$ cat entry-v4.cif   # mmCIF, C-alpha atoms
data_input
#
loop_
_atom_site.label_atom_id
_atom_site.label_comp_id
_atom_site.auth_asym_id
_atom_site.auth_seq_id
_atom_site.Cartn_x
_atom_site.Cartn_y
_atom_site.Cartn_z
CA MET A 1 -11.41 123.39 98.72
CA LEU A 2 -8.60 122.97 101.20
CA ARG A 3 -5.28 121.83 99.85
CA PRO A 4 -3.05 119.40 101.80
CA ILE A 5 -0.41 120.87 104.10
CA ARG A 6 2.80 120.94 102.10
CA THR A 7 5.80 118.88 102.94
CA LEU A 8 8.92 120.65 104.10
CA ALA A 9 10.68 119.68 100.90
CA ALA A 10 7.96 121.23 98.80
CA ALA A 11 8.02 124.39 100.89
CA ALA A 12 11.77 124.70 100.48
CA ALA A 13 11.53 124.16 96.74
CA ALA A 14 8.77 126.73 96.48
CA LEU A 15 10.98 129.37 98.03
CA ALA A 16 13.22 129.17 94.98
CA LEU A 17 10.29 130.28 92.85
CA VAL A 18 9.62 133.59 94.57
CA SER A 19 10.66 135.58 91.51
CA ALA A 20 8.30 133.72 89.23
CA CYS A 21 5.18 135.48 87.97
CA ASN A 22 1.65 134.14 87.95
CA SER A 23 -0.20 134.64 84.67
CA ALA A 24 -3.63 134.68 86.33
CA SER A 25 -5.65 137.88 86.29
CA THR A 26 -4.99 140.30 89.14
CA ASN A 27 -7.88 142.66 88.54
CA GLY A 28 -5.68 145.09 86.69
CA THR A 29 -2.73 145.06 89.09
CA SER A 30 0.82 144.08 88.25
CA PRO A 31 2.91 141.51 90.14
CA GLY A 32 5.42 143.10 92.46
CA LYS A 33 3.60 146.44 92.74
CA PRO A 34 1.48 147.59 95.67
CA GLY A 35 -1.62 146.17 94.08
CA ASP A 36 -4.41 146.67 96.54
CA GLY A 37 -5.93 149.98 95.66
CA PRO A 38 -9.58 150.57 96.59
CA GLY A 39 -11.76 147.81 95.23
CA ASN A 40 -8.95 145.33 94.59
CA SER A 41 -9.86 141.71 95.28
CA ARG A 42 -6.67 139.76 94.59
CA GLY A 43 -7.21 136.11 95.54
CA VAL A 44 -11.01 136.42 95.58
CA THR A 45 -13.25 134.70 93.03
CA ALA A 46 -16.99 134.23 92.92
CA ASP A 47 -16.71 131.10 95.07
CA SER A 48 -13.33 131.18 96.86
CA ILE A 49 -10.89 133.21 98.95
CA LYS A 50 -7.23 132.26 98.64
CA VAL A 51 -5.25 132.34 101.91
CA GLY A 52 -1.71 131.22 102.77
CA GLY A 53 0.44 131.05 105.88
CA ILE A 54 4.03 131.55 107.02
CA VAL A 55 5.18 129.32 109.89
CA SER A 56 8.53 128.26 111.35
CA MET A 57 8.14 124.55 110.60
CA THR A 58 11.85 124.01 111.20
CA SER A 59 14.64 125.85 113.02
CA ALA A 60 18.33 125.48 113.79
CA SER A 61 17.55 124.59 117.43
CA GLY A 62 14.98 121.95 116.47
CA TYR A 63 12.09 124.04 117.76
CA SER A 64 9.02 123.86 115.52
CA LYS A 65 5.72 125.69 115.22
CA LYS A 66 4.45 123.30 112.51
CA ASP A 67 1.14 122.58 114.24
CA THR A 68 0.18 126.23 113.74
CA ASP A 69 -0.62 125.13 110.20
CA LEU A 70 -2.90 122.33 111.41
CA GLY A 71 -4.76 124.75 113.67
CA ALA A 72 -5.43 127.15 110.80
CA LYS A 73 -6.50 124.30 108.56
CA ALA A 74 -8.95 123.12 111.24
CA ARG A 75 -10.67 126.50 111.46
CA TYR A 76 -10.86 126.93 107.69
CA MET A 77 -12.28 123.42 107.30
CA ARG A 78 -15.11 124.25 109.70
CA ALA A 79 -15.79 127.55 107.93
CA ASN A 80 -16.06 125.68 104.64
CA ALA A 81 -18.26 122.97 106.15
CA GLU A 82 -20.62 125.71 107.36
CA GLY A 83 -20.97 127.14 103.87
CA GLY A 84 -17.86 129.29 103.66
CA VAL A 85 -17.58 133.04 104.19
CA ASN A 86 -20.61 134.71 102.63
CA GLY A 87 -20.82 131.79 100.20
CA ARG A 88 -17.09 131.63 99.39
CA LYS A 89 -14.95 128.69 100.45
CA ILE A 90 -11.51 129.29 101.95
CA ASP A 91 -8.84 127.99 99.58
CA TYR A 92 -6.07 127.48 102.16
CA LEU A 93 -2.71 126.85 100.51
CA GLY A 94 -1.03 125.73 103.72
CA ALA A 95 1.98 127.44 105.30
CA GLU A 96 5.40 128.25 103.91
CA ASP A 97 8.32 127.27 106.18
CA ASP A 98 10.57 130.25 106.98
CA GLY A 99 12.98 128.21 109.14
CA GLN A 100 13.12 131.22 111.53
CA ASP A 101 15.30 132.83 108.88
CA PRO A 102 14.57 136.52 108.07
CA ALA A 103 15.48 136.08 104.40
CA LYS A 104 13.13 133.11 104.06
CA ASN A 105 10.36 134.94 105.89
CA LEU A 106 10.49 137.77 103.36
CA ALA A 107 10.80 135.30 100.47
CA ALA A 108 7.72 133.42 101.70
CA ALA A 109 5.72 136.65 101.91
CA ARG A 110 6.74 137.61 98.37
CA LYS A 111 5.86 134.18 97.01
CA LEU A 112 2.42 134.14 98.60
CA VAL A 113 1.56 137.58 97.23
CA GLN A 114 3.35 137.74 93.88
CA GLN A 115 3.08 134.11 92.76
CA ASP A 116 0.18 132.57 94.67
CA LYS A 117 -1.92 135.78 94.68
CA VAL A 118 -3.36 135.27 98.17
CA PHE A 119 -5.94 137.65 99.57
CA ALA A 120 -4.58 137.22 103.12
CA VAL A 121 -1.75 135.64 105.10
CA SER A 122 -3.12 133.79 108.11
CA PRO A 123 -1.38 132.43 110.10
CA MET A 124 2.01 134.14 110.34
CA SER A 125 3.92 132.53 113.21
CA SER A 126 7.66 133.01 113.59
CA VAL A 127 10.17 134.79 115.83
CA THR A 128 11.18 136.78 112.76
CA PHE A 129 8.84 138.86 110.61
CA SER A 130 11.02 140.53 108.00
CA GLY A 131 8.17 140.22 105.51
CA ALA A 132 6.01 142.62 107.52
CA ASP A 133 6.90 145.79 105.61
CA PHE A 134 6.30 144.04 102.28
CA LEU A 135 2.88 142.70 103.35
CA GLU A 136 1.88 146.11 104.72
CA GLN A 137 2.99 147.82 101.49
CA GLU A 138 1.04 145.33 99.41
CA LYS A 139 -1.99 145.79 101.71
CA VAL A 140 -2.30 142.11 102.53
CA PRO A 141 -4.44 141.40 105.64
CA THR A 142 -2.11 139.35 107.85
CA PHE A 143 -2.92 137.54 111.10
CA GLY A 144 -0.74 135.90 113.75
CA TRP A 145 0.38 135.95 117.35
CA GLY A 146 1.10 139.58 118.24
CA THR A 147 4.39 138.88 120.02
CA LEU A 148 6.46 140.99 117.59
CA PRO A 149 6.48 144.79 117.16
CA SER A 150 5.26 144.38 113.56
CA PHE A 151 1.83 143.44 114.91
CA CYS A 152 1.57 146.77 116.71
CA GLY A 153 0.69 149.75 114.54
CA PRO A 154 0.52 148.66 110.87
CA LYS A 155 -2.94 148.94 109.30
CA TYR A 156 -3.08 145.52 107.65
CA ILE A 157 -1.40 143.32 110.30
CA TYR A 158 -3.45 141.89 113.18
CA GLY A 159 -2.60 139.92 116.32
CA PHE A 160 -5.26 137.34 117.16
CA ASN A 161 -5.15 138.49 120.78
CA GLY A 162 -4.06 142.03 120.04
CA CYS A 163 -0.71 143.78 120.26
CA LEU A 164 1.48 142.17 122.92
CA VAL A 165 4.62 144.29 122.43
CA PRO A 166 3.26 147.81 122.11
CA THR A 167 4.96 151.08 121.38
CA PRO A 168 4.70 154.00 123.82
CA GLY A 169 1.09 155.07 123.99
CA GLY A 170 -0.16 151.49 123.93
CA THR A 171 -0.85 149.13 126.81
CA LEU A 172 0.66 146.01 128.39
CA ASN A 173 -1.14 142.75 129.11
CA GLN A 174 -0.76 142.02 132.83
CA THR A 175 -1.77 138.35 132.82
CA TRP A 176 1.74 137.09 133.59
CA PRO A 177 2.67 139.42 136.49
CA GLU A 178 -0.80 139.27 138.05
CA GLY A 179 -0.97 135.49 137.68
CA ILE A 180 2.44 134.92 139.27
CA ALA A 181 1.53 137.34 142.07
CA ARG A 182 -1.56 135.25 142.74
CA ILE A 183 0.50 132.05 142.99
CA LEU A 184 3.04 133.67 145.31
CA GLY A 185 0.41 135.19 147.56
CA GLY A 186 1.02 138.72 146.32
CA ALA A 187 3.83 140.70 144.71
CA GLN A 188 4.73 142.88 147.69
CA GLY A 189 8.25 142.06 148.85
CA LYS A 190 8.72 139.49 146.06
CA SER A 191 11.45 139.56 143.43
CA VAL A 192 11.58 138.21 139.87
CA ALA A 193 14.36 137.59 137.36
CA VAL A 194 13.54 137.89 133.65
CA ILE A 195 15.83 136.37 131.01
CA ALA A 196 15.59 136.35 127.21
CA ASN A 197 17.55 135.68 124.03
CA ASP A 198 19.91 138.29 122.63
CA SER A 199 17.62 139.28 119.75
CA ASP A 200 15.34 142.16 118.90
CA ALA A 201 12.35 140.19 120.15
CA GLY A 202 14.21 139.22 123.33
CA LYS A 203 15.26 142.80 124.08
CA PHE A 204 11.74 144.03 123.54
CA GLY A 205 10.42 141.25 125.76
CA ILE A 206 12.75 142.30 128.56
CA ARG A 207 11.62 145.90 128.24
CA THR A 208 7.93 145.06 128.35
CA PHE A 209 7.95 142.42 131.07
CA GLN A 210 10.30 144.41 133.27
CA GLN A 211 7.75 147.20 133.24
CA GLY A 212 4.83 144.81 133.72
CA PHE A 213 6.28 143.03 136.75
CA THR A 214 7.38 146.32 138.31
CA SER A 215 3.90 147.77 137.86
CA ALA A 216 2.39 144.70 139.54
CA GLY A 217 4.52 145.38 142.63
CA PHE A 218 7.48 143.04 142.10
CA THR A 219 11.14 143.97 142.44
CA VAL A 220 12.80 143.01 139.16
CA SER A 221 16.21 141.87 140.37
CA TYR A 222 17.52 140.70 136.98
CA ALA A 223 16.43 141.57 133.43
CA LYS A 224 18.76 140.63 130.58
CA ALA A 225 18.48 139.56 126.95
CA SER A 226 21.80 137.75 127.12
CA VAL A 227 21.32 134.19 125.82
CA PRO A 228 22.55 133.63 122.21
CA ALA A 229 19.62 133.47 119.82
CA THR A 230 21.31 131.21 117.28
CA ALA A 231 22.32 128.24 119.45
CA VAL A 232 21.35 126.75 122.80
CA PRO A 233 24.18 127.15 125.34
CA SER A 234 25.87 123.94 126.48
CA ASP A 235 26.83 125.54 129.79
CA TRP A 236 24.27 127.56 131.76
CA SER A 237 26.38 128.04 134.88
CA ALA A 238 27.21 131.71 134.26
CA TYR A 239 23.55 132.62 133.75
CA VAL A 240 22.47 130.63 136.79
CA LYS A 241 25.12 132.25 139.01
CA GLU A 242 24.02 135.74 138.00
CA ILE A 243 20.34 134.98 138.54
CA LEU A 244 20.82 133.30 141.92
CA GLU A 245 22.81 136.27 143.23
CA SER A 246 20.62 138.97 141.68
CA ASN A 247 18.34 139.59 144.65
CA GLY A 248 20.86 141.32 146.92
CA GLY A 249 23.07 138.23 146.86
CA LYS A 250 20.10 135.88 147.18
CA ALA A 251 17.90 134.02 144.74
CA PRO A 252 14.77 135.74 143.37
CA ASP A 253 11.32 134.41 144.23
CA ALA A 254 10.58 133.70 140.57
CA VAL A 255 12.54 133.19 137.36
CA VAL A 256 10.71 134.08 134.16
CA SER A 257 12.11 132.91 130.82
CA VAL A 258 11.06 134.68 127.62
CA MET A 259 12.64 131.96 125.47
CA GLN A 260 11.75 128.86 123.48
CA THR A 261 11.61 125.27 124.71
CA PRO A 262 15.22 124.12 124.09
CA ASN A 263 16.55 127.10 126.04
CA ASN A 264 13.98 126.68 128.80
CA ILE A 265 14.91 123.04 129.27
CA GLY A 266 18.58 123.93 129.62
CA LEU A 267 18.01 126.88 131.96
CA PHE A 268 15.44 125.24 134.21
CA THR A 269 17.47 122.03 134.50
CA ALA A 270 20.54 124.04 135.53
CA LEU A 271 18.55 126.07 138.07
CA LYS A 272 17.06 122.94 139.64
CA ARG A 273 20.48 121.27 139.86
CA SER A 274 21.76 124.37 141.65
CA GLY A 275 19.10 123.84 144.31
CA TYR A 276 16.77 126.64 143.25
CA LYS A 277 13.31 126.17 144.83
CA GLY A 278 11.52 129.28 143.56
CA LEU A 279 8.84 129.62 140.91
CA LEU A 280 9.75 128.95 137.27
CA SER A 281 7.67 130.26 134.39
CA ASP A 282 7.73 130.70 130.61
CA PRO A 283 5.26 131.49 127.80
CA THR A 284 6.13 128.56 125.56
CA ASP A 285 5.97 125.08 127.05
CA TYR A 286 2.28 124.20 126.95
CA ASP A 287 2.61 121.15 124.75
CA PRO A 288 1.62 117.60 125.75
CA GLY A 289 4.09 116.35 123.14
CA LEU A 290 6.89 117.55 125.41
CA LEU A 291 5.84 114.95 127.97
CA ALA A 292 6.79 112.04 125.73
CA LYS A 293 10.42 112.21 126.84
CA ASP A 294 11.23 111.65 130.51
CA ALA A 295 14.15 114.10 130.47
CA THR A 296 12.00 116.88 129.03
CA LYS A 297 9.14 116.12 131.41
CA GLN A 298 11.52 116.24 134.36
CA ALA A 299 13.12 119.50 133.24
CA LEU A 300 9.76 121.24 132.88
CA ASP A 301 8.06 119.70 135.92
CA GLY A 302 6.65 122.40 138.17
CA VAL A 303 6.95 125.15 135.54
CA HIS A 304 4.02 127.57 135.24
CA VAL A 305 3.29 128.38 131.60
CA LEU A 306 1.64 131.62 130.50
CA LEU A 307 -1.34 131.23 128.18
CA GLN A 308 -3.17 134.00 126.38
CA PHE A 309 -6.13 131.79 125.64
CA GLN A 310 -8.45 129.38 127.42
CA PRO A 311 -6.54 126.30 128.66
CA PHE A 312 -7.28 123.02 126.91
CA GLU A 313 -8.52 121.80 130.29
CA SER A 314 -11.33 124.39 130.16
CA ALA A 315 -14.97 123.27 130.05
CA ASP A 316 -15.88 126.19 127.76
CA PRO A 317 -18.04 124.95 124.81
CA LYS A 318 -15.75 126.84 122.44
CA MET A 319 -12.83 124.71 123.62
CA ALA A 320 -14.87 121.59 122.89
CA GLN A 321 -15.47 122.98 119.38
CA PHE A 322 -11.74 123.63 118.94
CA LYS A 323 -10.92 120.05 119.92
CA ALA A 324 -13.52 118.67 117.51
CA ASP A 325 -12.18 120.86 114.70
CA ILE A 326 -8.58 119.74 115.30
CA LYS A 327 -9.66 116.09 115.28
CA ALA A 328 -11.46 116.60 111.97
CA ALA A 329 -8.43 118.33 110.44
CA ALA A 330 -6.21 115.46 111.64
CA GLY A 331 -8.28 112.97 109.67
CA GLY A 332 -10.46 111.91 112.57
CA GLN A 333 -7.55 110.94 114.80
CA GLU A 334 -6.95 112.15 118.34
CA VAL A 335 -3.73 114.17 118.37
CA PRO A 336 -1.95 115.79 121.32
CA LEU A 337 -3.02 119.43 121.55
CA ASN A 338 -0.51 122.27 121.79
CA MET A 339 -0.46 126.04 121.84
CA HIS A 340 0.73 126.26 118.23
CA MET A 341 -2.53 124.69 117.08
CA LEU A 342 -4.43 127.34 119.03
CA THR A 343 -2.24 130.08 117.53
CA GLY A 344 -3.10 128.98 113.99
CA TYR A 345 -6.75 128.38 114.83
CA MET A 346 -7.35 131.79 116.40
CA SER A 347 -5.40 133.60 113.66
CA ALA A 348 -7.72 131.96 111.13
CA ASP A 349 -10.75 132.62 113.33
CA LEU A 350 -10.13 136.37 113.49
CA PHE A 351 -9.63 136.53 109.73
CA VAL A 352 -12.84 134.56 109.06
CA SER A 353 -14.83 136.69 111.52
CA ILE A 354 -13.78 139.99 109.93
CA ALA A 355 -14.22 138.64 106.39
CA GLN A 356 -17.74 137.52 107.28
CA LYS A 357 -18.56 141.03 108.47
CA ALA A 358 -17.13 142.52 105.25
CA GLY A 359 -20.04 141.03 103.31
CA LYS A 360 -20.40 139.49 99.88
CA ASP A 361 -18.47 142.23 98.09
CA LEU A 362 -15.09 141.21 99.54
CA THR A 363 -12.19 143.50 98.68
CA VAL A 364 -9.24 144.69 100.72
CA GLU A 365 -11.07 147.98 101.14
CA SER A 366 -14.30 146.37 102.38
CA PHE A 367 -12.29 144.06 104.65
CA GLN A 368 -10.44 146.99 106.22
CA ASN A 369 -13.68 148.91 106.66
CA ALA A 370 -15.18 145.91 108.46
CA ALA A 371 -12.12 145.64 110.69
CA GLN A 372 -12.42 149.26 111.76
CA GLY A 373 -15.59 148.57 113.69
CA PHE A 374 -15.14 144.88 114.51
CA SER A 375 -15.79 143.45 117.98
CA ASP A 376 -17.02 140.22 119.54
CA THR A 377 -17.06 138.64 122.98
CA GLY A 378 -16.41 135.37 124.76
CA THR A 379 -13.87 133.90 122.34
CA LEU A 380 -11.03 131.59 123.37
CA VAL A 381 -8.88 134.72 123.77
CA GLY A 382 -11.59 136.79 125.48
CA ASP A 383 -13.25 139.89 124.04
CA ARG A 384 -11.84 141.17 120.74
CA ALA A 385 -12.00 144.59 119.11
CA GLU A 386 -10.35 146.29 116.16
CA PRO A 387 -8.53 148.54 115.56
CA LYS A 388 -7.93 148.47 119.35
CA GLY A 389 -6.03 145.21 118.92
CA GLN A 390 -3.47 146.89 116.66
CA LYS A 391 -2.34 149.00 119.60
CA ASP A 392 -3.41 147.12 122.74
CA SER A 393 -3.65 143.50 123.85
CA PHE A 394 -7.05 141.99 124.61
CA GLY A 395 -5.78 141.60 128.19
CA CYS A 396 -6.80 138.01 128.94
CA GLY A 397 -4.94 134.85 129.89
CA ALA A 398 -4.25 132.00 132.30
CA LEU A 399 -1.39 130.00 133.80
CA VAL A 400 -1.02 126.23 133.77
CA GLN A 401 1.52 124.15 135.67
CA LEU A 402 3.16 120.93 134.55
CA LYS A 403 2.73 118.69 137.57
CA ASN A 404 3.26 114.92 137.86
CA GLY A 405 3.32 114.51 134.10
CA ALA A 406 0.17 116.51 133.33
CA TYR A 407 -0.91 120.11 133.00
CA GLU A 408 -3.12 121.65 135.67
CA VAL A 409 -4.68 125.13 135.66
CA SER A 410 -2.79 127.14 138.30
CA VAL A 411 -4.48 130.49 137.53
CA PRO A 412 -7.86 130.35 135.69
CA PHE A 413 -8.49 132.29 132.48
CA LYS A 414 -9.27 135.91 133.31
CA CYS A 415 -9.14 139.34 131.70
CA TYR A 416 -6.90 141.86 133.47
CA GLU A 417 -6.88 145.62 133.16
CA PRO A 418 -3.90 146.49 130.94
CA ILE A 419 -1.42 149.19 131.97
CA PRO A 420 -0.01 152.07 129.88
CA PHE A 421 3.25 151.20 128.20
CA LYS A 422 6.04 153.71 128.68
#

$ encode --input "entry-v4.cif" --output "structure tokens"
Amino acid sequence: MLRPIRTLAAAAAALALVSACNSASTNGTSPGKPGDGPGNSRGVTADSIKVGGIVSMTSASGYSKKDTDLGAKARYMRANAEGGVNGRKIDYLGAEDDGQDPAKNLAAARKLVQQDKVFAVSPMSSVTFSGADFLEQEKVPTFGWGTLPSFCGPKYIYGFNGCLVPTPGGTLNQTWPEGIARILGGAQGKSVAVIANDSDAGKFGIRTFQQGFTSAGFTVSYAKASVPATAVPSDWSAYVKEILESNGGKAPDAVVSVMQTPNNIGLFTALKRSGYKGLLSDPTDYDPGLLAKDATKQALDGVHVLLQFQPFESADPKMAQFKADIKAAAGGQEVPLNMHMLTGYMSADLFVSIAQKAGKDLTVESFQNAAQGFSDTGTLVGDRAEPKGQKDSFGCGALVQLKNGAYEVSVPFKCYEPIPFK
């Protein structure tokens, strides 16, 4: 009972309706109130479970996570084809577009809960998550990529590969530092520069990765969240100068960008033009669609991209299943794969897996009880466990390198021992 993915125009129009009320029954709860007391089953009928998503389909910089929606749709389609979740089909409404705007993110969350009456939000994929407090208050199980602090700690919000930006007392995923150390032949005597956007997420990224690379044995010669978050700089020379002189007047062995594709293209192009020959890496640019333009392909050539899931090049049977599911969701057509599809797919997969464990009597209470003792192994993000994932990452990942117009696995998928976050 999947509904088509909504057009951007429809999503924008829907945002204007967030204050509207739905006249459907809510099992005795009132719109706008924290309605999920014990036994509540908002969005659940005898034969369906209503789920929606929030995704940055558009942004001021042109960056888009729209394929997150396709990935979620693919996983829900397979669940429905296999008989649903304990006999209920997933009624996936598609994803609301928040435009990477905090106000729209909150508005989308309110609309999905108060108007559409969803049981869960999965996926939630954006660099802003201002709707987190509302979803937690309303006790709405929510799933996405745990790259924001909101995925670390709340009871009803889950990262598909755990909490990647933990609070003190949690742990740090060491895939990136350990992977880069492996490429460089070890971290001893090696230096790394880490750069991010001037935003809350960027500042938190600097804090976490600075600790991670230091713990792996690197000297962190530069760590700044200094790049404007609202617009891509037209001149990168000041950033490049600082980075190339950060290692005691010399260039660092590696430059790590915790930014999105438009910024990475600008930074890496400027570094290459300056003559920089060290390692370049980011966590974003694993997208065959980026190879369609020669300028983009040239800018990202040689870059090692962090993955927190099995690479598409993997021979794992679960990757073959993912590819088949994406093809089915795309109407039987082969489409270029990207990490956003995997983000949506694994967000949906974790939701489906916990809902299945919750049993036929699906309520928020039974779902949360199932999550408290949930675990499985060998997924595309490694071994999973809850509520561990609301405090720690699942600790697995890989690196791929864009080389001669194609991606190659530079560090195979592996699970690393996480470190305490201070």

$ atom_distance --input "entry-v4.cif" --atom1 "atom CA of A:Gln298" --atom2 "atom CA of A:Gly405"
8.4 Å

$ resolve_selection --input "entry-v4.cif" --expression "the PyMOL selection byres ((chain A and resi 156-165) around 6)" --output "VMD selection string"
chain A and resid 136 141 to 147 149 151 to 152 154 to 155 166 346 to 347 389 to 394

$ closest_residue --input "entry-v4.cif" --among "A:Ala238, A:Val400, A:Val232, A:Ala216" --to "A:Asn263" --atoms "all atoms listed in the file"
A:Val232

$ resolve_selection --input "entry-v4.cif" --expression "the PyMOL selection byres ((chain A and resi 323) around 12)" --output "PDB file with C-alpha atoms, keeping the file's coordinate frame"
ATOM      1  CA  LEU A  70      -2.900 122.330 111.410  1.00  0.00           C
ATOM      2  CA  GLY A  71      -4.760 124.750 113.670  1.00  0.00           C
ATOM      3  CA  ALA A  74      -8.950 123.120 111.240  1.00  0.00           C
ATOM      4  CA  ARG A  75     -10.670 126.500 111.460  1.00  0.00           C
ATOM      5  CA  ARG A  78     -15.110 124.250 109.700  1.00  0.00           C
ATOM      6  CA  PRO A 311      -6.540 126.300 128.660  1.00  0.00           C
ATOM      7  CA  PHE A 312      -7.280 123.020 126.910  1.00  0.00           C
ATOM      8  CA  GLU A 313      -8.520 121.800 130.290  1.00  0.00           C
ATOM      9  CA  SER A 314     -11.330 124.390 130.160  1.00  0.00           C
ATOM     10  CA  ALA A 315     -14.970 123.270 130.050  1.00  0.00           C
ATOM     11  CA  ASP A 316     -15.880 126.190 127.760  1.00  0.00           C
ATOM     12  CA  PRO A 317     -18.040 124.950 124.810  1.00  0.00           C
ATOM     13  CA  LYS A 318     -15.750 126.840 122.440  1.00  0.00           C
ATOM     14  CA  MET A 319     -12.830 124.710 123.620  1.00  0.00           C
ATOM     15  CA  ALA A 320     -14.870 121.590 122.890  1.00  0.00           C
ATOM     16  CA  GLN A 321     -15.470 122.980 119.380  1.00  0.00           C
ATOM     17  CA  PHE A 322     -11.740 123.630 118.940  1.00  0.00           C
ATOM     18  CA  ALA A 324     -13.520 118.670 117.510  1.00  0.00           C
ATOM     19  CA  ASP A 325     -12.180 120.860 114.700  1.00  0.00           C
ATOM     20  CA  ILE A 326      -8.580 119.740 115.300  1.00  0.00           C
ATOM     21  CA  LYS A 327      -9.660 116.090 115.280  1.00  0.00           C
ATOM     22  CA  ALA A 328     -11.460 116.600 111.970  1.00  0.00           C
ATOM     23  CA  ALA A 329      -8.430 118.330 110.440  1.00  0.00           C
ATOM     24  CA  ALA A 330      -6.210 115.460 111.640  1.00  0.00           C
ATOM     25  CA  GLY A 332     -10.460 111.910 112.570  1.00  0.00           C
ATOM     26  CA  GLN A 333      -7.550 110.940 114.800  1.00  0.00           C
ATOM     27  CA  GLU A 334      -6.950 112.150 118.340  1.00  0.00           C
ATOM     28  CA  VAL A 335      -3.730 114.170 118.370  1.00  0.00           C
ATOM     29  CA  PRO A 336      -1.950 115.790 121.320  1.00  0.00           C
ATOM     30  CA  LEU A 337      -3.020 119.430 121.550  1.00  0.00           C
ATOM     31  CA  ASN A 338      -0.510 122.270 121.790  1.00  0.00           C
ATOM     32  CA  MET A 341      -2.530 124.690 117.080  1.00  0.00           C
ATOM     33  CA  LEU A 342      -4.430 127.340 119.030  1.00  0.00           C
ATOM     34  CA  TYR A 345      -6.750 128.380 114.830  1.00  0.00           C
TER      35      TYR A 345
END

$ closest_residue --input "entry-v4.cif" --among "A:Gly382, A:Gln115, A:Ser48, A:Tyr63" --to "A:Tyr92" --atoms "only C-alpha atoms"
A:Ser48

$ atom_distance --input "entry-v4.cif" --atom1 "atom CA of A:Asp282" --atom2 "atom CA of A:Val305"
5.1 Å

$ build_atoms --input "entry-v4.cif" --residues "stretch 360-371 of chain A" --atoms "N, CA and C atoms" --output "mmCIF file, keeping the file's coordinate frame"
data_model
loop_
_atom_site.group_PDB
_atom_site.id
_atom_site.type_symbol
_atom_site.label_atom_id
_atom_site.label_comp_id
_atom_site.auth_asym_id
_atom_site.auth_seq_id
_atom_site.Cartn_x
_atom_site.Cartn_y
_atom_site.Cartn_z
ATOM 1 N N LYS A 360 -20.594 140.225 101.130
ATOM 2 C CA LYS A 360 -20.400 139.490 99.880
ATOM 3 C C LYS A 360 -19.399 140.166 98.961
ATOM 4 N N ASP A 361 -19.392 141.492 98.956
ATOM 5 C CA ASP A 361 -18.470 142.230 98.090
ATOM 6 C C ASP A 361 -17.125 142.347 98.798
ATOM 7 N N LEU A 362 -16.347 141.267 98.781
ATOM 8 C CA LEU A 362 -15.090 141.210 99.540
ATOM 9 C C LEU A 362 -13.937 141.798 98.737
ATOM 10 N N THR A 363 -13.396 142.890 99.213
ATOM 11 C CA THR A 363 -12.190 143.500 98.680
ATOM 12 C C THR A 363 -11.320 143.864 99.885
ATOM 13 N N VAL A 364 -10.085 144.240 99.618
ATOM 14 C CA VAL A 364 -9.240 144.690 100.720
ATOM 15 C C VAL A 364 -9.866 145.908 101.387
ATOM 16 N N GLU A 365 -10.444 146.777 100.586
ATOM 17 C CA GLU A 365 -11.070 147.980 101.140
ATOM 18 C C GLU A 365 -12.252 147.625 102.039
ATOM 19 N N SER A 366 -13.142 146.733 101.571
ATOM 20 C CA SER A 366 -14.300 146.370 102.380
ATOM 21 C C SER A 366 -13.877 145.597 103.621
ATOM 22 N N PHE A 367 -12.802 144.801 103.494
ATOM 23 C CA PHE A 367 -12.290 144.060 104.650
ATOM 24 C C PHE A 367 -11.773 145.033 105.708
ATOM 25 N N GLN A 368 -10.989 146.009 105.285
ATOM 26 C CA GLN A 368 -10.440 146.990 106.220
ATOM 27 C C GLN A 368 -11.546 147.829 106.860
ATOM 28 N N ASN A 369 -12.551 148.158 106.100
ATOM 29 C CA ASN A 369 -13.680 148.910 106.660
ATOM 30 C C ASN A 369 -14.387 148.083 107.729
ATOM 31 N N ALA A 370 -14.544 146.786 107.473
ATOM 32 C CA ALA A 370 -15.180 145.910 108.460
ATOM 33 C C ALA A 370 -14.339 145.796 109.721
ATOM 34 N N ALA A 371 -13.017 145.755 109.537
ATOM 35 C CA ALA A 371 -12.120 145.640 110.690
ATOM 36 C C ALA A 371 -12.172 146.869 111.573
#
